[in-house]
file upload_36.txt (compact mmCIF, C-alpha atoms)
# COMPACT_ATOMS: atom_id res chain seq x y z
CA MET A 222 158.84 -43.75 49.90
CA ALA A 223 158.16 -40.04 50.49
CA VAL A 224 154.83 -40.04 48.64
CA GLY A 225 153.56 -42.91 50.80
CA VAL A 226 154.39 -41.10 54.03
CA LYS A 227 152.87 -37.88 52.66
CA ALA A 228 149.71 -39.80 51.74
CA HIS A 229 149.36 -41.06 55.31
CA VAL A 230 149.63 -37.50 56.64
CA LEU A 231 147.00 -36.27 54.19
CA TYR A 232 144.75 -39.23 54.92
CA SER A 233 144.58 -38.14 58.57
CA ARG A 234 143.03 -34.87 57.35
CA LEU A 235 140.15 -36.44 55.45
CA LEU A 236 136.69 -35.65 56.75
CA SER A 237 135.28 -37.90 59.48
CA ASP A 238 131.80 -39.42 59.60
CA ASP A 239 130.77 -36.73 62.08
CA ASP A 240 132.06 -34.06 59.67
CA TYR A 241 129.83 -35.53 56.96
CA TRP A 242 126.75 -35.45 59.19
CA ASP A 243 127.56 -31.92 60.30
CA LEU A 244 127.75 -30.79 56.68
CA LEU A 245 124.54 -32.61 55.80
CA SER A 246 122.76 -30.74 58.61
CA SER A 247 123.65 -27.36 57.08
CA ASN A 248 120.82 -25.13 55.97
CA THR A 249 122.61 -23.21 53.24
CA VAL A 250 125.63 -23.52 50.92
CA PRO A 251 127.44 -20.59 52.68
CA GLU A 252 127.02 -22.53 55.93
CA ILE A 253 128.83 -25.49 54.34
CA LYS A 254 131.64 -23.15 53.35
CA GLU A 255 131.96 -21.84 56.91
CA LYS A 256 132.10 -25.36 58.34
CA LEU A 257 134.76 -26.41 55.84
CA MET A 258 136.88 -23.39 56.80
CA SER A 259 137.99 -25.26 59.93
CA THR A 260 139.08 -28.34 57.93
CA ALA A 261 141.93 -28.98 55.50
CA TYR A 262 139.85 -27.22 52.84
CA GLY A 263 140.00 -23.90 54.67
CA GLU A 264 143.23 -22.61 53.15
CA PHE A 265 141.75 -22.99 49.67
CA PHE A 266 138.73 -20.83 50.54
CA GLU A 267 140.63 -17.71 51.64
CA THR A 268 140.04 -15.87 48.35
CA LEU A 269 136.36 -16.80 48.12
CA PRO A 270 133.76 -14.08 48.85
CA ALA A 271 131.56 -14.47 51.93
CA GLU A 272 128.54 -15.33 49.74
CA ALA A 273 130.43 -17.56 47.32
CA HIS A 274 128.41 -19.09 44.50
CA ARG A 275 128.08 -22.84 44.65
CA HIS A 276 130.20 -23.30 41.50
CA ASP A 277 133.03 -21.23 42.97
CA LEU A 278 132.91 -23.31 46.16
CA GLU A 279 132.97 -26.57 44.22
CA SER A 280 135.88 -25.32 42.11
CA ALA A 281 137.86 -24.44 45.25
CA ILE A 282 137.13 -27.91 46.67
CA HIS A 283 138.35 -29.56 43.47
CA SER A 284 141.50 -27.45 43.46
CA THR A 285 142.62 -29.14 46.69
CA LEU A 286 143.12 -32.44 44.90
CA ILE A 287 144.93 -30.84 41.95
CA SER A 288 147.30 -29.14 44.39
CA GLN A 289 147.97 -32.35 46.31
CA ALA A 290 148.45 -34.39 43.14
CA GLU A 291 151.04 -31.94 41.86
CA SER A 292 152.90 -32.14 45.17
CA PHE A 293 152.97 -35.95 44.83
CA LEU A 294 154.33 -35.70 41.28
CA PHE A 295 157.29 -33.66 42.53
CA HIS A 296 158.59 -36.84 44.20
CA MET A 297 157.90 -39.24 41.30
CA SER A 298 159.79 -40.37 38.23
CA SER A 299 158.75 -42.42 35.21
CA PRO A 300 156.73 -44.60 34.92
CA ARG A 301 155.00 -43.71 38.21
CA ASP A 302 154.57 -40.04 37.34
CA LYS A 303 153.04 -40.88 33.95
CA PHE A 304 150.50 -43.16 35.58
CA PHE A 305 149.68 -40.62 38.29
CA LYS A 306 149.09 -37.92 35.68
CA THR A 307 146.45 -40.13 34.07
CA LEU A 308 144.54 -39.99 37.37
CA MET A 309 144.44 -36.21 36.98
CA TYR A 310 143.19 -36.41 33.40
CA GLN A 311 139.72 -37.33 34.66
CA TYR A 312 139.37 -33.76 35.93
CA GLU A 313 140.51 -32.46 32.59
CA ALA A 314 137.90 -34.68 30.94
CA ASP A 315 135.25 -33.20 33.23
CA ASP A 316 136.41 -29.72 32.25
CA LEU A 317 136.18 -30.57 28.55
CA LYS A 318 132.64 -31.86 29.12
CA SER A 319 131.77 -28.51 30.72
CA VAL A 320 133.12 -26.71 27.66
CA PHE A 321 131.19 -29.03 25.32
CA ARG A 322 127.95 -28.38 27.23
CA HIS A 323 128.70 -24.67 27.22
CA ILE A 324 129.03 -24.65 23.43
CA ALA A 325 125.98 -26.88 22.90
CA SER A 326 123.84 -24.53 25.01
CA GLY A 327 125.03 -21.43 23.15
CA ARG A 328 126.06 -19.64 26.32
CA ALA A 329 128.46 -16.72 25.97
CA ASP A 330 129.88 -16.23 29.49
CA ARG A 331 133.23 -17.93 28.99
CA GLU A 332 134.90 -16.05 31.85
CA LYS A 333 132.37 -17.47 34.30
CA LEU A 334 133.18 -20.95 32.97
CA ARG A 335 136.92 -20.31 33.23
CA ARG A 336 136.61 -19.63 36.98
CA VAL A 337 135.31 -23.12 37.71
CA LEU A 338 137.69 -25.18 35.56
CA ASN A 339 140.36 -27.32 37.26
CA VAL A 340 143.44 -26.11 35.41
CA SER A 341 146.64 -28.09 35.96
CA LYS A 342 150.13 -27.44 34.64
CA HIS A 343 150.08 -31.04 33.40
CA SER A 344 147.09 -30.42 31.13
CA MET A 345 147.16 -31.91 27.65
CA VAL A 346 145.15 -29.04 26.16
CA SER A 347 145.34 -25.24 26.14
CA TYR A 348 142.46 -23.92 28.25
CA ASP A 349 142.75 -20.46 26.68
CA ASN A 350 142.30 -21.93 23.21
CA ILE A 351 139.50 -24.34 24.12
CA LEU A 352 137.55 -21.55 25.83
CA SER A 353 137.82 -19.37 22.73
CA ALA A 354 136.24 -22.06 20.53
CA ARG A 355 132.81 -20.99 19.26
CA ASP A 356 131.57 -24.29 17.85
CA PHE A 357 132.51 -27.97 17.66
CA SER A 358 134.52 -27.48 14.48
CA GLU A 359 136.76 -24.99 16.30
CA VAL A 360 136.99 -27.39 19.27
CA SER A 361 138.25 -30.04 16.85
CA ASP A 362 140.85 -27.59 15.53
CA VAL A 363 142.03 -26.78 19.07
CA LEU A 364 142.37 -30.48 19.89
CA ARG A 365 144.07 -31.36 16.59
CA ASN A 366 147.60 -31.47 18.01
CA THR A 367 146.62 -33.08 21.31
CA PRO A 368 146.21 -36.76 22.27
CA TYR A 369 142.42 -36.23 22.39
CA HIS A 370 141.87 -35.53 18.71
CA ARG A 371 141.93 -39.03 17.26
CA SER A 372 139.34 -40.33 19.75
CA LEU A 373 136.99 -37.33 19.62
CA ALA A 374 137.24 -36.12 16.00
CA GLU A 375 134.37 -38.20 14.60
CA SER A 376 131.92 -37.26 17.39
CA LEU A 377 132.87 -33.58 17.09
CA LYS A 378 132.35 -33.71 13.32
CA ARG A 379 128.89 -35.27 13.72
CA LEU A 380 127.87 -32.66 16.30
CA HIS A 381 129.05 -29.79 14.11
CA SER A 382 127.21 -31.11 11.05
CA GLY A 383 124.02 -31.72 13.01
CA GLU A 384 124.07 -35.49 12.37
CA GLU A 385 124.30 -35.93 16.15
CA ARG A 386 122.55 -33.75 18.72
CA SER A 387 123.32 -35.58 21.95
CA LEU A 388 126.65 -35.06 23.71
CA PHE A 389 126.50 -38.60 25.10
CA PRO A 390 128.64 -40.28 22.37
CA LEU A 391 131.26 -37.53 22.64
CA GLU A 392 131.41 -37.73 26.44
CA MET A 393 131.58 -41.52 26.34
CA ALA A 394 134.44 -41.38 23.82
CA LEU A 395 136.24 -38.96 26.14
CA ASP A 396 135.77 -41.20 29.19
CA MET A 397 136.98 -44.24 27.27
CA PHE A 398 140.07 -42.41 26.04
CA VAL A 399 141.05 -41.39 29.59
CA GLU A 400 140.48 -44.95 30.80
CA PHE A 401 142.61 -46.21 27.89
CA LEU A 402 145.47 -43.86 28.84
CA GLN A 403 145.23 -45.00 32.44
CA ASN A 404 145.28 -48.69 31.60
CA GLU A 405 148.21 -48.27 29.22
CA ALA A 406 150.16 -46.40 31.91
CA LEU A 407 149.23 -49.06 34.48
CA LYS A 408 150.78 -51.78 32.28
CA LYS A 409 154.12 -49.98 32.40
CA LEU A 410 154.40 -49.98 36.18
CA GLU A 411 156.67 -52.46 37.94
CA THR A 412 154.91 -55.82 38.32
CA GLY A 413 154.54 -55.62 42.11
CA GLU A 414 153.07 -52.11 42.01
CA ARG A 415 150.71 -53.03 39.20
CA SER A 416 149.48 -56.06 41.12
CA ARG A 417 148.76 -53.93 44.19
CA LEU A 418 146.73 -51.44 42.17
CA LEU A 419 144.74 -53.91 40.06
CA PRO A 420 142.03 -54.41 42.73
CA ILE A 421 141.12 -50.73 42.19
CA PHE A 422 141.53 -50.26 38.46
CA GLY A 423 140.65 -53.78 37.39
CA ALA A 424 137.40 -53.68 39.35
CA ARG A 425 136.71 -50.21 37.97
CA ALA A 426 137.06 -51.53 34.40
CA ASP A 427 134.79 -54.49 35.20
CA LEU A 428 132.13 -52.30 36.78
CA TYR A 429 132.31 -49.63 34.06
CA ASN A 430 131.62 -52.31 31.45
CA ILE A 431 128.83 -53.85 33.52
CA TYR A 432 127.30 -50.39 33.99
CA ILE A 433 127.32 -49.75 30.23
CA LEU A 434 125.74 -53.17 29.64
CA TYR A 435 123.05 -52.46 32.26
CA ARG A 436 122.21 -49.08 30.68
CA ALA A 437 122.01 -50.71 27.26
CA VAL A 438 119.51 -53.24 28.63
CA ALA A 439 117.49 -50.74 30.68
CA TYR A 440 117.36 -47.68 28.42
CA TYR A 441 118.51 -48.33 24.86
CA SER A 442 117.53 -50.60 21.99
CA MET A 443 120.96 -51.71 20.81
CA THR A 444 122.20 -54.96 19.36
CA PRO A 445 124.75 -56.92 21.43
CA GLU A 446 127.43 -55.92 18.92
CA GLU A 447 126.61 -52.21 19.29
CA THR A 448 126.77 -52.56 23.07
CA LEU A 449 130.07 -54.42 23.06
CA ASN A 450 131.62 -51.70 20.88
CA ARG A 451 130.98 -49.21 23.69
CA LEU A 452 132.96 -51.15 26.31
CA LEU A 453 136.47 -50.51 27.53
CA PRO A 454 139.13 -52.57 25.78
CA SER A 455 140.69 -53.60 29.11
CA ARG A 456 139.56 -56.69 31.00
CA TYR A 457 140.07 -57.81 34.61
CA ARG A 458 137.90 -60.60 36.02
CA VAL A 459 134.94 -60.27 33.65
CA THR A 460 136.25 -61.76 30.42
CA MET A 461 135.03 -61.19 26.87
CA PRO A 462 132.94 -64.40 26.73
CA VAL A 463 131.10 -63.27 29.88
CA LEU A 464 130.62 -59.78 28.46
CA ARG A 465 129.11 -61.27 25.29
CA GLU A 466 126.68 -63.26 27.39
CA LEU A 467 125.78 -60.18 29.43
CA ALA A 468 125.21 -58.19 26.23
CA ARG A 469 122.50 -60.70 25.30
CA ALA A 470 120.64 -60.24 28.60
CA GLU A 471 117.10 -59.00 28.08
CA SER A 472 116.66 -57.33 31.46
CA GLY A 473 118.50 -56.09 34.55
CA PRO A 474 117.51 -59.18 36.61
CA ARG A 475 118.70 -61.47 33.80
CA LEU A 476 122.03 -59.61 33.70
CA THR A 477 122.35 -60.06 37.47
CA GLU A 478 121.53 -63.77 37.17
CA THR A 479 124.29 -64.20 34.58
CA LEU A 480 126.81 -62.40 36.79
CA ASN A 481 125.89 -64.43 39.85
CA GLY A 482 127.45 -67.57 38.41
CA GLY A 483 131.02 -66.33 38.62
CA PHE A 484 130.93 -62.83 40.10
CA PRO A 485 128.63 -62.86 43.16
CA ALA A 486 129.97 -59.56 44.56
CA TYR A 487 129.18 -57.72 41.33
CA ALA A 488 125.81 -59.48 41.10
CA GLU A 489 124.86 -58.42 44.64
CA LEU A 490 125.86 -54.84 43.86
CA ILE A 491 123.62 -54.71 40.77
CA SER A 492 120.75 -56.58 42.43
CA SER A 493 120.66 -54.33 45.50
CA ALA A 494 120.69 -51.23 43.26
CA LEU A 495 117.78 -52.54 41.18
CA ASP A 496 115.76 -52.99 44.38
CA ASP A 497 116.29 -49.33 45.33
CA GLU A 498 113.65 -46.62 44.85
CA ILE A 499 116.07 -44.79 42.54
CA PRO A 500 117.95 -47.62 40.77
CA GLU A 501 120.15 -45.44 38.56
CA LEU A 502 121.40 -43.28 41.43
CA ALA A 503 121.81 -46.33 43.68
CA LEU A 504 123.85 -48.17 41.05
CA GLU A 505 126.15 -45.21 40.53
CA SER A 506 126.76 -44.78 44.26
CA LYS A 507 127.23 -48.52 44.90
CA ILE A 508 129.81 -48.81 42.12
CA LYS A 509 131.72 -45.87 43.56
CA ARG A 510 131.46 -47.35 47.05
CA TYR A 511 132.86 -50.67 45.83
CA ILE A 512 135.88 -48.86 44.32
CA TYR A 513 136.19 -46.79 47.51
CA ILE A 514 136.48 -49.98 49.57
CA GLN A 515 139.11 -51.38 47.18
CA ALA A 516 141.10 -48.13 47.42
CA LYS A 517 140.98 -48.25 51.22
CA LYS A 518 142.32 -51.81 51.16
CA VAL A 519 145.15 -50.77 48.84
CA PHE A 520 145.94 -47.77 51.05
CA ASP A 521 146.17 -50.03 54.12
CA ASN A 522 148.26 -52.69 52.35
CA GLY A 523 151.81 -52.87 53.71
CA PRO A 524 154.40 -50.13 54.29
CA PRO A 525 153.85 -46.67 52.75
CA GLY A 526 154.74 -46.53 49.06
CA PHE A 527 153.50 -45.49 45.65
CA HIS A 528 150.37 -47.63 46.05
CA THR A 529 149.55 -45.72 49.25
CA ALA A 530 149.58 -42.41 47.37
CA VAL A 531 147.32 -43.81 44.65
CA GLY A 532 144.93 -45.29 47.22
CA TYR A 533 144.78 -41.96 49.03
CA TYR A 534 144.19 -40.05 45.79
CA ILE A 535 141.15 -42.21 44.97
CA LEU A 536 139.74 -41.80 48.49
CA LYS A 537 140.23 -38.03 48.35
CA GLN A 538 138.63 -37.93 44.91
CA PHE A 539 135.55 -39.67 46.30
CA GLU A 540 135.44 -37.27 49.26
CA ILE A 541 135.29 -34.39 46.80
CA THR A 542 132.52 -36.16 44.87
CA ASP A 543 130.62 -36.54 48.14
CA LEU A 544 131.10 -32.87 49.03
CA THR A 545 129.72 -31.84 45.65
CA ARG A 546 126.70 -34.06 46.26
CA ILE A 547 126.23 -32.73 49.81
CA ILE A 548 126.19 -29.18 48.43
CA GLU A 549 123.41 -30.24 46.05
CA TYR A 550 121.46 -31.98 48.83
CA VAL A 551 121.62 -28.93 51.08
CA ARG A 552 120.79 -26.57 48.25
CA TYR A 553 117.58 -28.50 47.53
CA ALA A 554 116.80 -29.28 51.20
CA HIS A 555 116.85 -33.08 50.95
CA ASP A 556 116.46 -35.17 54.10
CA LYS A 557 119.99 -35.77 55.37
CA ARG A 558 119.52 -39.46 56.14
CA ASP A 559 118.03 -40.10 52.70
CA ALA A 560 120.92 -38.14 51.20
CA ALA A 561 123.53 -40.14 53.14
CA VAL A 562 122.44 -43.39 51.50
CA TYR A 563 123.75 -42.24 48.11
CA LEU A 564 127.13 -40.91 49.24
CA THR A 565 130.25 -42.89 48.37
CA LYS A 566 131.83 -43.01 51.83
CA PRO A 567 129.95 -45.51 54.06
CA ILE A 568 129.34 -43.16 56.98
CA ALA A 569 128.15 -44.18 60.44
CA VAL A 570 125.30 -42.54 62.31
CA ALA A 571 126.56 -39.46 64.17
CA GLY A 572 128.12 -40.66 67.41
CA GLY A 573 129.08 -43.99 65.82
CA GLU A 574 126.24 -46.10 67.27
CA HIS A 575 126.00 -48.29 64.15
CA GLU A 576 126.84 -48.24 60.49
CA TRP A 577 124.31 -46.36 58.41
CA GLN A 578 125.11 -47.98 55.09

call {"tool": "encode", "arguments": {"input": "upload_36.txt", "output": "structure tokens"}}
result
Amino acid sequence: MAVGVKAHVLYSRLLSDDDYWDLLSSNTVPEIKEKLMSTAYGEFFETLPAEAHRHDLESAIHSTLISQAESFLFHMSSPRDKFFKTLMYQYEADDLKSVFRHIASGRADREKLRRVLNVSKHSMVSYDNILSARDFSEVSDVLRNTPYHRSLAESLKRLHSGEERSLFPLEMALDMFVEFLQNEALKKLETGERSRLLPIFGARADLYNIYILYRAVAYYSMTPEETLNRLLPSRYRVTMPVLRELARAESGPRLTETLNGGFPAYAELISSALDDEIPELALESKIKRYIYIQAKKVFDNGPPGFHTAVGYYILKQFEITDLTRIIEYVRYAHDKRDAAVYLTKPIAVAGGEHEWQ
């Protein structure tokens, strides 16, 4: 299939371990930009000013994946194209979160925000209209005729009335809606294709739910029922009876102990994160790394096909996440080896002597 062959070509242009270390050794954000000019990202930086702001650089980096995804879609028909579009909706969700934060903060510079949004022709919402919204009531009006409205209306209403001040419930509802769309589209794929992709998206659903359960135990005083209501409706290996048991865990170690009985890989992931100096950051990066490894296995599985394109897309998405994090690390002058530990891609020490992670 054409998209599979195209994915292999694009995969060869992903950044190497040495590229990662070279970027981590940069002293400034403009230096990162100059180094990326000689990579596949270079063509997307041509319109950026010499002293590009970090947000403009990150937006240009994100635009590379939007461009590639749209080129994949050109070769797809239903139901593959519908599923692939749901992969792109995560960027739209991130954009909506930026708009929500913009409104909550009372900032007025909408044109500055517009420059860093990842607009796609496959968007489910009008960016012009959403950027003109002045409060959460107007956001709700803009979203009224879109698929988002039903899932977000209640949270938007509570924010507008002042009953809710935190954006967390709204952002969680948005994430869950995108995951729901993705899982519904996944069900409609041909059985063989769906089976090949389940190691990525099934594990992601498992780990998302485990992550929510861990946060409920570590940071919030919620009943098991309240916690379970915040989980994704989709299940993979971790079934509802197990999730109920996890929801009753009284601590992170107890949650890990419960997982260890049937899901040792997940248990090891959680346990190793809890032993880290920064458990929350470690858990986030380890979950992403687990999905990264699953995506690499899917990409390498058999002849090029639709699954290859999906595997590549996930790997590229994580590369962009890593680049965003590297920009932050360089901006705040973090030690590069300490920074490397929390990247998604398991990079080797420069020169390849041994694996760093």

call {"tool": "atom_distance", "arguments": {"input": "upload_36.txt", "atom1": "atom CA of A:Pro524", "atom2": "atom CA of A:Ile287"}}
result
24.8 Å

call {"tool": "closest_residue", "arguments": {"input": "upload_36.txt", "among": "A:Pro300, A:Pro251, A:Gly423, A:Gly225", "to": "A:Arg552", "atoms": "all atoms listed in the file"}}
result
A:Pro251

call {"tool": "residues_around", "arguments": {"input": "upload_36.txt", "residues": "stretch 396-409 of chain A", "least_positions_apart": "5", "cutoff": "8 Å", "atoms": "all atoms listed in the file", "output": "list of chain:residue names"}}
result
A:Pro300, A:Lys303, A:Phe304, A:Thr307, A:Leu308, A:Tyr310, A:Gln311, A:Ala314, A:Tyr369, A:Ser372, A:Arg415, A:Phe422, A:Leu453, A:Pro454, A:Ser455

call {"tool": "write_last_selection", "arguments": {"input": "upload_36.txt", "atoms": "C-alpha atoms", "output": "PDB file, in the coordinates of the input"}}
result
ATOM      1  CA  PRO A 300     156.730 -44.600  34.920  1.00  0.00           C
ATOM      2  CA  LYS A 303     153.040 -40.880  33.950  1.00  0.00           C
ATOM      3  CA  PHE A 304     150.500 -43.160  35.580  1.00  0.00           C
ATOM      4  CA  THR A 307     146.450 -40.130  34.070  1.00  0.00           C
ATOM      5  CA  LEU A 308     144.540 -39.990  37.370  1.00  0.00           C
ATOM      6  CA  TYR A 310     143.190 -36.410  33.400  1.00  0.00           C
ATOM      7  CA  GLN A 311     139.720 -37.330  34.660  1.00  0.00           C
ATOM      8  CA  ALA A 314     137.900 -34.680  30.940  1.00  0.00           C
ATOM      9  CA  TYR A 369     142.420 -36.230  22.390  1.00  0.00           C
ATOM     10  CA  SER A 372     139.340 -40.330  19.750  1.00  0.00           C
ATOM     11  CA  ARG A 415     150.710 -53.030  39.200  1.00  0.00           C
ATOM     12  CA  PHE A 422     141.530 -50.260  38.460  1.00  0.00           C
ATOM     13  CA  LEU A 453     136.470 -50.510  27.530  1.00  0.00           C
ATOM     14  CA  PRO A 454     139.130 -52.570  25.780  1.00  0.00           C
ATOM     15  CA  SER A 455     140.690 -53.600  29.110  1.00  0.00           C
TER      16      SER A 455
END

call {"tool": "closest_residue", "arguments": {"input": "upload_36.txt", "among": "A:Ser246, A:Ser492, A:Ser284, A:Ser442", "to": "A:Ala561", "atoms": "only C-alpha atoms"}}
result
A:Ser246

call {"tool": "atom_distance", "arguments": {"input": "upload_36.txt", "atom1": "atom CA of A:Glu498", "atom2": "atom CA of A:Thr477"}}
result
17.6 Å

call {"tool": "closest_residue", "arguments": {"input": "upload_36.txt", "among": "A:Ala470, A:Val438, A:Ile351, A:Val519", "to": "A:Leu364", "atoms": "all atoms listed in the file"}}
result
A:Ile351
